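Notes for the one structure printed next.
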Amino acid sequence: MLFADRADAGRRLATALQSFAGSDVVVVGLPRGGVPVGFEVARELGAPLDIAVVRKLGVPYQPELAMGAVGEGGTLVLNDDVLRMSRITDDALREVEQHERAEVERRARRFRRDRPPVQLAGHTVIVVDDGVATGSTARAACQLVRALGAVWVVLAVPVGPRGIEQRMRPDADEVVCLTTPTDFFAVGECYRDFRQVEDDEVSDLLDRAG
């Protein structure tokens, strides 16, 4: 399955989520790429839209390799296999974590501007991204919204790896993924237009949704 862009993916994802329309649900997009997808989902479901700011913890000498992720509210998810393979010391992990936590707080303020977060307590929360590769960021986001009081957590993505449902348990109560390609290497492969989403676009979409 090939998507034209993130808006197209969001509209198709919303079709698969129609059972949540009219229910007590909040859509949470992962900045930056998940927000245009989440915007379309929220609009189709008639739900409020917010963000879950999480940051990958990259291995110091190989930043693209995720050894975990951090999120708002002190959320921390670690990939034990990567930590063991990379032989990361506690001090090195702590340094990366502190840097990324500061970035989480900075981005949350910038994206929301002066808008308070949407209250998630007591709601079903649909966590949306433009795709899942390793799953560290998605797991952190699901743990974050649950810590903030979500009663049912749904991870909804256009594309992900085979076995994503099992990989995301128990962090997500339900997983909706439109396509799981056999030879899956990168999320961007499933989009014709996978341009970078800018910070201002995230803020503007939150403004429009609000």
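In the structure tokens, chains take the letters A, B, ... in the order shown, each chain's residues start at 1, and ligands count up from 1 in the order shown.
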
(message) Just want the 8 Å neighbourhood of A:Glu44, counted on only C-alpha atoms, with same-chain residues fewer than 3 positions away dropped. Output as a list in words.
(response) Arg11, Ala14, Ala21, Glu40, Val41 and Ala47 of chain A

(message) DSSP on the backbone: which residues in stretch 21-202 of chain A end up as strand (DSSP E)? Give the answer as a VMD selection string.
(response) chain A and resid 25 to 29 49 to 51 54 to 59 62 to 71 75 to 78 124 to 128 152 to 159 174 to 179

(message) Using only C-alpha atoms, can you tell me which of A:Val59, A:Ala9, A:Leu76, A:Ala69 comes closest to A:Ile88?
(response) A:Val59

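Each of A:Leu206, A:Arg112, A:Asp81, A:His123 was checked against A:Val25 using only C-alpha atoms; the smallest atom-to-atom distance is that of A:His123.
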
(message) Neighbouring residues of A:Phe185 were defined as those with any atom within 9 Å, considering only C-alpha atoms; residues of the same chain fewer than 2 positions away were excluded. Please report them as a ChimeraX atom specification.
(response) /A:133,161,183,187-189

Those residues with N, CA and C atoms, as a PDB file, in the first residue's frame please?
ATOM      1  N   ALA A 133       8.762   1.954  13.054  1.00  0.00           N
ATOM      2  CA  ALA A 133       9.918   1.168  12.620  1.00  0.00           C
ATOM      3  C   ALA A 133      10.366   0.290  13.784  1.00  0.00           C
ATOM      4  N   PRO A 161       5.966  -2.848  10.917  1.00  0.00           N
ATOM      5  CA  PRO A 161       6.553  -4.152  10.626  1.00  0.00           C
ATOM      6  C   PRO A 161       5.591  -5.291  10.926  1.00  0.00           C
ATOM      7  N   ASP A 183       8.937  -6.784   2.970  1.00  0.00           N
ATOM      8  CA  ASP A 183      10.290  -6.220   2.972  1.00  0.00           C
ATOM      9  C   ASP A 183      10.208  -4.765   3.440  1.00  0.00           C
ATOM     10  N   VAL A 187       9.832   3.761   7.041  1.00  0.00           N
ATOM     11  CA  VAL A 187       8.467   4.272   6.896  1.00  0.00           C
ATOM     12  C   VAL A 187       8.305   5.055   5.597  1.00  0.00           C
ATOM     13  N   GLY A 188       9.302   5.879   5.256  1.00  0.00           N
ATOM     14  CA  GLY A 188       9.205   6.737   4.090  1.00  0.00           C
ATOM     15  C   GLY A 188       9.033   6.007   2.780  1.00  0.00           C
ATOM     16  N   GLU A 189       9.378   4.722   2.740  1.00  0.00           N
ATOM     17  CA  GLU A 189       9.230   3.944   1.517  1.00  0.00           C
ATOM     18  C   GLU A 189       7.770   3.807   1.093  1.00  0.00           C
TER      19      GLU A 189
END

(request) Skip A:Cys142 itself and residues of its chain fewer than 5 positions away, then list as number ranges by chain all residues within 12 Å of it, counting only C-alpha atoms. (result) A: 27-30, 51-54, 69-72, 75-77, 120, 124-129, 135-137, 147-156, 168-175

(request) For A:Glu97, work out the shell of residues within 8 Å, counting only C-alpha atoms and skipping chain neighbours fewer than 4 positions away, then give it as number ranges by chain. (result) A: 57, 70, 93, 101

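Closest to A:Val176 among A:Leu13, A:Val145, A:Arg109, A:Tyr191 is A:Leu13, based on only C-alpha atoms.
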
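Closest approach to A:Ala7 among A:Arg162, A:Arg87, A:Arg167, A:Arg43 is made by A:Arg43 (distances from only C-alpha atoms).
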
(message) Give me, as number ranges by chain, all polymer residues having an atom no more than 7 Å from A:Pro158, counting only C-alpha atoms and skipping those fewer than 3 positions away in the same chain.
(response) A: 9, 13, 130-131, 177-179

(message) as a PyMOL selection string, please: the residues near A:Thr134 (cut-off 9 Å, only C-alpha atoms, same-chain neighbours under 4 positions excluded).
(response) chain A and resi 66+138+160-161

(request) Output as number ranges by chain all residues of stretch 1-206 of chain A that backbone DSSP marks as alpha helix (DSSP H). (result) A: 6-16, 34-45, 80-86, 90-112, 136-147, 164-168, 199-206

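Across A:Val96, A:Glu103, A:Gly74, A:Asp200, the tightest approach to A:Pro60 is made by A:Val96 when counting only C-alpha atoms.
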